[in-house]
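Asker: Provided below: my_file_35.cif, containing mmCIF, C-alpha atoms.
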```cif
data_query
loop_
_atom_site.label_atom_id
_atom_site.label_comp_id
_atom_site.auth_asym_id
_atom_site.auth_seq_id
_atom_site.Cartn_x
_atom_site.Cartn_y
_atom_site.Cartn_z
CA MET K 1 15.15 13.41 -30.04
CA ALA K 2 13.98 13.10 -26.45
CA LEU K 3 10.58 12.00 -27.70
CA ILE K 4 12.14 9.18 -29.71
CA GLY K 5 14.09 7.97 -26.69
CA SER K 6 11.13 8.14 -24.36
CA GLY K 7 8.93 6.47 -26.98
CA LEU K 8 11.41 3.64 -27.34
CA ALA K 9 11.64 3.21 -23.58
CA SER K 10 7.85 3.20 -23.31
CA GLU K 11 7.55 0.65 -26.08
CA VAL K 12 10.16 -1.62 -24.52
CA GLY K 13 8.48 -1.25 -21.13
CA LEU K 14 5.07 -2.12 -22.54
CA ARG K 15 6.50 -5.11 -24.41
CA VAL K 16 8.12 -6.45 -21.23
CA LEU K 17 4.96 -5.77 -19.22
CA LEU K 18 2.53 -7.25 -21.71
CA SER K 19 4.67 -10.13 -22.95
CA PRO K 20 2.78 -13.39 -22.37
CA LEU K 21 6.05 -15.09 -21.53
CA GLY K 22 7.21 -12.23 -19.34
CA SER K 23 8.07 -12.58 -15.71
CA ASN K 24 5.24 -12.54 -13.22
CA ILE K 25 7.50 -10.49 -10.95
CA VAL K 26 7.34 -7.57 -13.38
CA LEU K 27 3.57 -7.86 -13.67
CA ARG K 28 3.04 -8.27 -9.94
CA THR K 29 5.16 -5.16 -9.32
CA ALA K 30 3.16 -3.27 -11.95
CA CYS K 31 -0.11 -4.43 -10.36
CA CYS K 32 1.07 -3.23 -6.95
CA SER K 33 2.25 0.10 -8.36
CA VAL K 34 -0.93 0.74 -10.35
CA GLY K 35 -3.33 -0.80 -7.85
CA ILE K 36 -1.88 0.67 -4.65
CA GLY K 37 0.99 3.12 -5.22
CA LEU K 38 -0.67 5.54 -7.60
CA PRO K 39 -4.04 5.50 -5.78
CA VAL K 40 -2.36 6.17 -2.42
CA TYR K 41 -0.69 9.26 -3.81
CA SER K 42 -3.85 10.34 -5.63
CA THR K 43 -5.84 9.91 -2.40
CA PHE K 44 -3.26 11.99 -0.55
CA LYS K 45 -3.55 14.74 -3.16
CA ALA K 46 -7.36 14.67 -2.98
CA ILE K 47 -7.28 14.98 0.82
CA GLU K 48 -4.65 17.71 0.86
CA ASN K 49 -6.41 19.73 -1.86
CA ARG K 50 -9.76 19.22 -0.10
CA ASP K 51 -11.31 18.26 -3.42
CA GLN K 52 -14.63 16.58 -2.55
CA ASN K 53 -15.09 15.08 -6.03
CA GLU K 54 -11.62 13.52 -6.03
CA GLN K 55 -12.08 12.27 -2.45
CA HIS K 56 -15.34 10.60 -3.46
CA LYS K 57 -13.69 9.11 -6.55
CA TRP K 58 -10.84 7.61 -4.53
CA LEU K 59 -13.10 6.36 -1.73
CA THR K 60 -15.10 4.58 -4.41
CA TYR K 61 -11.88 3.18 -5.88
CA TRP K 62 -10.74 1.87 -2.48
CA ALA K 63 -14.12 0.23 -1.90
CA ALA K 64 -13.90 -1.52 -5.28
CA TYR K 65 -10.22 -2.41 -4.82
CA GLY K 66 -10.81 -3.70 -1.29
CA SER K 67 -13.66 -5.91 -2.49
CA PHE K 68 -11.48 -7.24 -5.29
CA SER K 69 -8.68 -7.91 -2.79
CA LEU K 70 -11.04 -9.83 -0.49
CA VAL K 71 -12.14 -12.04 -3.35
CA GLU K 72 -8.55 -12.45 -4.52
CA VAL K 73 -7.36 -13.61 -1.08
CA PHE K 74 -9.59 -16.65 -1.35
CA THR K 75 -9.15 -17.35 -5.06
CA ASP K 76 -5.56 -16.27 -5.78
CA LYS K 77 -4.01 -19.71 -5.31
CA LEU K 78 -6.38 -21.14 -7.90
CA ILE K 79 -6.69 -18.41 -10.49
CA SER K 80 -3.07 -17.22 -10.43
CA TRP K 81 -2.16 -20.41 -12.30
CA PHE K 82 -4.28 -19.44 -15.28
CA PRO K 83 -2.27 -18.10 -18.22
CA LEU K 84 -2.19 -14.32 -18.41
CA TYR K 85 -3.81 -13.93 -14.96
CA TYR K 86 -1.56 -11.04 -13.98
CA HIS K 87 -2.09 -9.40 -17.37
CA VAL K 88 -5.84 -9.48 -16.79
CA LYS K 89 -5.41 -8.25 -13.22
CA PHE K 90 -3.24 -5.36 -14.42
CA ALA K 91 -5.81 -4.43 -17.07
CA PHE K 92 -8.60 -4.62 -14.46
CA LEU K 93 -6.73 -2.31 -12.08
CA VAL K 94 -6.14 0.19 -14.87
CA TRP K 95 -9.81 -0.08 -15.88
CA LEU K 96 -10.88 0.70 -12.29
CA GLN K 97 -9.04 4.03 -12.47
CA LEU K 98 -9.59 5.17 -16.05
CA PRO K 99 -11.56 8.42 -15.99
CA THR K 100 -13.22 7.65 -19.32
CA VAL K 101 -14.89 4.47 -18.07
CA ASP K 102 -14.72 5.00 -14.29
CA GLY K 103 -14.64 1.27 -13.60
CA ALA K 104 -14.55 1.66 -9.82
CA LYS K 105 -17.78 3.66 -9.93
CA GLN K 106 -19.40 1.01 -12.13
CA ILE K 107 -18.34 -1.80 -9.77
CA TYR K 108 -19.55 0.18 -6.76
CA ASN K 109 -22.92 1.25 -8.21
CA ASN K 110 -23.78 -1.98 -10.03
CA HIS K 111 -22.47 -4.63 -7.63
CA LEU K 112 -20.97 -3.49 -4.35
CA ARG K 113 -23.57 -0.95 -3.21
CA PRO K 114 -26.60 -3.21 -3.94
CA PHE K 115 -24.91 -6.14 -2.17
CA LEU K 116 -23.92 -4.10 0.89
CA THR K 117 -27.31 -2.37 1.08
CA ARG K 118 -29.11 -5.72 0.94
CA HIS K 119 -26.92 -7.25 3.68
CA GLN K 120 -26.21 -4.14 5.74
CA VAL K 121 -28.01 -5.24 8.93
CA ARG K 122 -26.24 -8.62 8.99
CA LEU K 123 -22.87 -7.06 8.17
CA ASP K 124 -23.30 -4.42 10.90
CA GLY K 125 -23.93 -7.20 13.40
CA LEU K 126 -20.92 -9.14 12.16
CA VAL K 127 -18.63 -6.10 12.29
CA ASN K 128 -19.83 -5.17 15.78
CA GLY K 129 -19.31 -8.75 16.97
CA VAL K 130 -15.79 -8.88 15.57
CA TYR K 131 -15.00 -5.50 17.13
CA GLU K 132 -16.30 -6.64 20.53
CA GLN K 133 -14.21 -9.82 20.34
CA MET K 134 -11.10 -7.82 19.42
CA VAL K 135 -11.65 -5.54 22.43
CA LYS K 136 -12.05 -8.60 24.71
CA VAL K 137 -8.87 -10.21 23.39
CA ILE K 138 -6.87 -7.02 23.80
CA ARG K 139 -8.21 -6.43 27.33
CA SER K 140 -7.55 -10.01 28.41
CA HIS K 141 -3.99 -9.97 27.06
CA GLN K 142 -2.75 -6.60 28.34
CA GLY K 143 0.17 -8.24 30.15
CA GLU K 144 1.34 -10.01 27.01
CA ILE K 145 0.92 -6.85 24.94
CA ARG K 146 3.02 -4.85 27.45
CA PHE K 147 5.67 -7.61 27.42
CA VAL K 148 5.87 -7.64 23.60
CA ARG K 149 5.99 -3.84 23.57
CA SER K 150 8.87 -3.78 26.07
CA MET K 151 10.73 -6.45 24.07
CA ILE K 152 10.37 -4.43 20.88
CA ILE K 153 11.64 -1.32 22.68
CA ARG K 154 14.63 -3.29 24.02
CA ILE K 155 15.39 -4.74 20.60
CA LEU K 156 15.20 -1.33 18.98
CA GLY K 157 17.42 0.06 21.76
CA SER K 158 19.96 -2.70 21.13
CA VAL K 159 19.92 -1.97 17.42
CA ASN K 160 20.54 1.70 18.15
CA GLU K 161 23.45 0.81 20.46
CA VAL K 162 25.00 -1.46 17.83
CA ALA K 163 24.60 1.17 15.13
CA SER K 164 25.63 4.03 17.38
CA PRO K 165 29.41 3.37 17.72
CA SER K 166 29.98 3.76 14.00
CA GLN K 167 27.61 6.69 13.89
CA ARG K 168 29.23 8.20 16.97
CA GLN K 169 32.65 7.81 15.38
CA GLY K 170 31.35 9.65 12.31
CA GLU K 171 29.76 12.29 14.51
CA ILE K 172 32.93 12.73 16.53
CA SER K 173 35.06 13.19 13.44
CA ASN K 174 32.47 15.52 11.93
CA THR K 175 31.87 17.59 15.05
CA SER K 176 35.37 17.74 16.52
CA PRO K 177 37.29 20.87 15.73
CA GLU K 178 39.95 20.61 13.10
CA PRO K 179 43.37 20.16 14.61
CA GLU K 180 45.28 23.35 14.34
CA SER K 181 48.14 23.10 11.93
CA GLU K 182 51.54 24.52 12.69
CA SER K 183 51.05 27.12 10.00
CA ASP K 184 48.13 28.58 11.97
CA HIS K 185 50.46 29.32 14.92
CA GLU K 186 53.33 30.85 13.05
CA ASP K 187 53.73 34.52 13.77
#
```
Could you write out this structure as C-alpha coordinates?
Answerer:
Amino acid sequence: MALIGSGLASEVGLRVLLSPLGSNIVLRTACCSVGIGLPVYSTFKAIENRDQNEQHKWLTYWAAYGSFSLVEVFTDKLISWFPLYYHVKFAFLVWLQLPTVDGAKQIYNNHLRPFLTRHQVRLDGLVNGVYEQMVKVIRSHQGEIRFVRSMIIRILGSVNEVASPSQRQGEISNTSPEPESESDHED
(Lines of atoms letter the chains of each structure in order from A and count residues from 1; the text may use other names and numbers.)
(Lines give C-alpha, C1' and ligand atoms only; values in the text may rest on other atoms or scores of the structure.)
Protein backbone atom coordinates (compact mmCIF):
# COMPACT_ATOMS: atom_id res chain seq x y z
CA MET A 1 0.00 0.00 0.00
CA ALA A 2 2.89 2.33 0.74
CA LEU A 3 4.11 1.90 -2.81
CA ILE A 4 0.74 3.01 -4.18
CA GLY A 5 0.76 6.12 -2.00
CA SER A 6 4.32 7.03 -2.86
CA GLY A 7 3.65 6.34 -6.54
CA LEU A 8 0.64 8.63 -6.48
CA ALA A 9 2.61 11.36 -4.73
CA SER A 10 5.43 11.00 -7.25
CA GLU A 11 3.01 11.16 -10.15
CA VAL A 12 1.28 14.25 -8.77
CA GLY A 13 4.66 15.86 -8.11
CA LEU A 14 5.87 15.15 -11.63
CA ARG A 15 2.63 16.45 -13.11
CA VAL A 16 2.93 19.71 -11.16
CA LEU A 17 6.62 20.01 -12.04
CA LEU A 18 6.26 19.22 -15.72
CA SER A 19 2.94 20.94 -16.34
CA PRO A 20 3.41 23.52 -19.11
CA LEU A 21 0.99 25.82 -17.32
CA GLY A 22 2.58 25.18 -13.94
CA SER A 23 4.05 27.86 -11.77
CA ASN A 24 7.56 28.99 -12.53
CA ILE A 25 8.12 29.19 -8.77
CA VAL A 26 7.84 25.40 -8.50
CA LEU A 27 10.19 24.90 -11.43
CA ARG A 28 12.68 27.49 -10.21
CA THR A 29 12.72 25.80 -6.80
CA ALA A 30 13.23 22.43 -8.46
CA CYS A 31 16.07 23.84 -10.59
CA CYS A 32 17.76 25.24 -7.49
CA SER A 33 17.30 21.98 -5.58
CA VAL A 34 18.56 19.78 -8.42
CA GLY A 35 21.20 22.19 -9.70
CA ILE A 36 22.67 23.29 -6.37
CA GLY A 37 21.22 21.48 -3.34
CA LEU A 38 21.83 17.89 -4.37
CA PRO A 39 25.29 18.59 -5.86
CA VAL A 40 26.40 20.43 -2.72
CA TYR A 41 25.53 17.43 -0.59
CA SER A 42 27.04 15.01 -3.10
CA THR A 43 30.24 17.09 -3.16
CA PHE A 44 30.33 17.04 0.64
CA LYS A 45 29.96 13.25 0.63
CA ALA A 46 32.72 12.88 -1.98
CA ILE A 47 35.09 15.04 0.08
CA GLU A 48 34.29 13.36 3.38
CA ASN A 49 34.62 9.86 1.89
CA ARG A 50 37.84 10.87 0.14
CA ASP A 51 36.56 9.30 -3.05
CA GLN A 52 38.80 10.65 -5.83
CA ASN A 53 36.45 9.54 -8.63
CA GLU A 54 33.43 11.23 -7.04
CA GLN A 55 35.46 14.36 -6.29
CA HIS A 56 36.52 14.54 -9.94
CA LYS A 57 32.93 13.97 -11.06
CA TRP A 58 31.61 16.79 -8.89
CA LEU A 59 34.43 19.19 -9.78
CA THR A 60 33.54 18.57 -13.41
CA TYR A 61 29.87 19.17 -12.61
CA TRP A 62 30.65 22.47 -10.87
CA ALA A 63 32.77 23.62 -13.82
CA ALA A 64 29.91 22.85 -16.22
CA TYR A 65 27.28 24.34 -13.90
CA GLY A 66 29.36 27.47 -13.29
CA SER A 67 29.82 28.00 -17.02
CA PHE A 68 26.09 27.56 -17.56
CA SER A 69 25.39 30.04 -14.75
CA LEU A 70 27.73 32.62 -16.31
CA VAL A 71 25.95 32.35 -19.63
CA GLU A 72 22.57 32.44 -17.90
CA VAL A 73 23.39 35.66 -16.02
CA PHE A 74 23.67 37.50 -19.32
CA THR A 75 20.85 35.75 -21.17
CA ASP A 76 18.29 34.99 -18.44
CA LYS A 77 16.21 38.14 -18.95
CA LEU A 78 15.76 37.25 -22.61
CA ILE A 79 15.42 33.49 -22.64
CA SER A 80 13.36 33.14 -19.45
CA TRP A 81 10.39 34.53 -21.41
CA PHE A 82 10.43 31.61 -23.81
CA PRO A 83 7.73 29.02 -23.12
CA LEU A 84 8.96 26.02 -21.16
CA TYR A 85 12.34 27.67 -20.41
CA TYR A 86 12.43 26.40 -16.84
CA HIS A 87 11.34 22.94 -17.98
CA VAL A 88 14.30 22.83 -20.36
CA LYS A 89 16.63 24.20 -17.69
CA PHE A 90 15.45 21.54 -15.22
CA ALA A 91 15.98 18.80 -17.80
CA PHE A 92 19.46 20.19 -18.59
CA LEU A 93 20.45 20.20 -14.92
CA VAL A 94 19.26 16.61 -14.53
CA TRP A 95 21.13 15.66 -17.72
CA LEU A 96 24.35 17.17 -16.33
CA GLN A 97 24.18 14.78 -13.36
CA LEU A 98 22.81 11.57 -14.87
CA PRO A 99 25.44 8.85 -14.50
CA THR A 100 24.29 7.10 -17.68
CA VAL A 101 25.05 10.08 -19.92
CA ASP A 102 27.42 12.08 -17.69
CA GLY A 103 26.40 15.38 -19.27
CA ALA A 104 28.79 17.47 -17.18
CA LYS A 105 31.73 15.41 -18.43
CA GLN A 106 30.54 15.82 -22.03
CA ILE A 107 30.20 19.60 -21.63
CA TYR A 108 33.60 19.82 -19.98
CA ASN A 109 35.49 17.61 -22.47
CA ASN A 110 33.78 18.81 -25.65
CA HIS A 111 33.35 22.52 -24.98
CA LEU A 112 34.71 23.94 -21.75
CA ARG A 113 38.16 22.34 -21.67
CA PRO A 114 39.01 23.18 -25.33
CA PHE A 115 37.82 26.77 -24.85
CA LEU A 116 39.74 27.28 -21.60
CA THR A 117 42.88 25.60 -22.96
CA ARG A 118 42.81 27.80 -26.06
CA HIS A 119 42.37 31.02 -24.01
CA GLN A 120 44.29 30.04 -20.88
CA VAL A 121 47.07 32.63 -21.18
CA ARG A 122 44.62 35.50 -21.70
CA LEU A 123 42.33 34.27 -18.92
CA ASP A 124 45.27 33.92 -16.50
CA GLY A 125 46.21 37.53 -17.21
CA LEU A 126 42.62 38.65 -16.72
CA VAL A 127 42.22 36.74 -13.46
CA ASN A 128 45.53 38.06 -12.12
CA GLY A 129 44.56 41.62 -13.08
CA VAL A 130 41.20 41.33 -11.36
CA TYR A 131 42.84 39.85 -8.28
CA GLU A 132 45.40 42.68 -8.14
CA GLN A 133 42.63 45.28 -8.46
CA MET A 134 40.64 43.62 -5.67
CA VAL A 135 43.69 43.70 -3.40
CA LYS A 136 44.23 47.41 -4.19
CA VAL A 137 40.60 48.26 -3.47
CA ILE A 138 40.63 46.37 -0.18
CA ARG A 139 43.93 47.96 0.90
CA SER A 140 42.80 51.46 -0.01
CA HIS A 141 39.49 51.09 1.85
CA GLN A 142 40.65 49.50 5.11
CA GLY A 143 39.10 52.31 7.16
CA GLU A 144 35.71 51.85 5.52
CA ILE A 145 35.91 48.07 5.89
CA ARG A 146 36.71 48.43 9.63
CA PHE A 147 33.81 50.89 10.01
CA VAL A 148 31.33 48.54 8.29
CA ARG A 149 32.64 45.63 10.37
CA SER A 150 32.17 47.58 13.62
CA MET A 151 28.65 48.62 12.54
CA ILE A 152 27.72 45.01 11.81
CA ILE A 153 29.07 43.96 15.21
CA ARG A 154 27.05 46.74 16.91
CA ILE A 155 23.90 45.79 15.01
CA LEU A 156 24.32 42.15 15.90
CA GLY A 157 24.97 43.15 19.53
CA SER A 158 21.78 45.22 19.54
CA VAL A 159 19.82 42.32 18.11
CA ASN A 160 21.19 40.07 20.83
CA GLU A 161 20.22 42.62 23.51
CA VAL A 162 16.69 42.92 22.12
CA ALA A 163 16.31 39.15 21.93
CA SER A 164 18.01 38.53 25.25
CA PRO A 165 15.33 39.79 27.70
CA SER A 166 12.80 37.23 26.50
CA GLN A 167 15.48 34.58 26.35
CA ARG A 168 16.78 35.60 29.77
CA GLN A 169 13.27 35.39 31.19
CA GLY A 170 12.99 31.86 29.76
CA GLU A 171 16.43 31.00 31.11
CA ILE A 172 15.60 32.40 34.53
CA SER A 173 12.39 30.40 34.77
CA ASN A 174 14.15 27.30 33.47
CA THR A 175 17.24 27.60 35.65
CA SER A 176 15.74 28.91 38.88
CA PRO A 177 15.07 26.30 41.49
CA GLU A 178 11.50 25.22 41.94
CA PRO A 179 9.86 27.01 44.82
CA GLU A 180 9.53 24.67 47.71
CA SER A 181 5.97 23.76 48.42
CA GLU A 182 4.57 23.63 51.90
CA SER A 183 4.24 19.88 51.64
CA ASP A 184 8.03 19.59 51.33
CA HIS A 185 8.46 21.21 54.77
CA GLU A 186 5.89 19.28 56.68
CA ASP A 187 7.40 16.99 59.24
Asker: For region 57-59 of chain K, work out the shell of residues within 8 Å, counting only C-alpha atoms and skipping chain neighbours fewer than 2 positions away, then give it as a PDB file with C-alpha atoms, keeping the file's coordinate frame.
Answerer:
```
ATOM      1  CA  PRO K  39      -4.040   5.500  -5.780  1.00  0.00           C
ATOM      2  CA  SER K  42      -3.850  10.340  -5.630  1.00  0.00           C
ATOM      3  CA  THR K  43      -5.840   9.910  -2.400  1.00  0.00           C
ATOM      4  CA  ASN K  53     -15.090  15.080  -6.030  1.00  0.00           C
ATOM      5  CA  GLU K  54     -11.620  13.520  -6.030  1.00  0.00           C
ATOM      6  CA  GLN K  55     -12.080  12.270  -2.450  1.00  0.00           C
ATOM      7  CA  TYR K  61     -11.880   3.180  -5.880  1.00  0.00           C
ATOM      8  CA  TRP K  62     -10.740   1.870  -2.480  1.00  0.00           C
ATOM      9  CA  ALA K  63     -14.120   0.230  -1.900  1.00  0.00           C
ATOM     10  CA  LYS K 105     -17.780   3.660  -9.930  1.00  0.00           C
TER      11      LYS K 105
END
```
Asker: Env of Cys31 (chain K): 9 Å cut, atoms = all atoms listed in the file, seq-sep filter 2 positions within chain, self excluded. Answer as a ChimeraX atom specification.
Answerer: /K:26-29,33-36,86-87,89-91,93-94
Asker: Could you tell me how far CA of Leu70 (chain K) sits from CA of Pro114 (chain K), in Å to one decimal place?
Answerer: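 These atoms are spaced 17.3 Å apart.
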Asker: Excluding Ser67 (chain K) and any residue of its chain fewer than 3 positions from it, enumerate the residues within 12 Å of it, using only C-alpha atoms, and give them as a list in words.
Answerer: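 Result of the neighbour search: Thr60, Tyr61, Trp62, Ala63, Ala64, Leu70, Val71, Glu72, Val73, Phe74, Ala104, Ile107, Tyr108, His111, Leu112, Arg113, Phe115 and Leu116 of chain K.
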Asker: Can you work out the spacing between CA of Val101 (chain K) and CA of Glu48 (chain K) in Å, to one decimal?
Answerer: 25.3 Å
Asker: Could you tell me how far CA of Arg122 (chain K) lies from CA of Gly66 (chain K), in Å and to one decimal?
Answerer: 19.2 Å
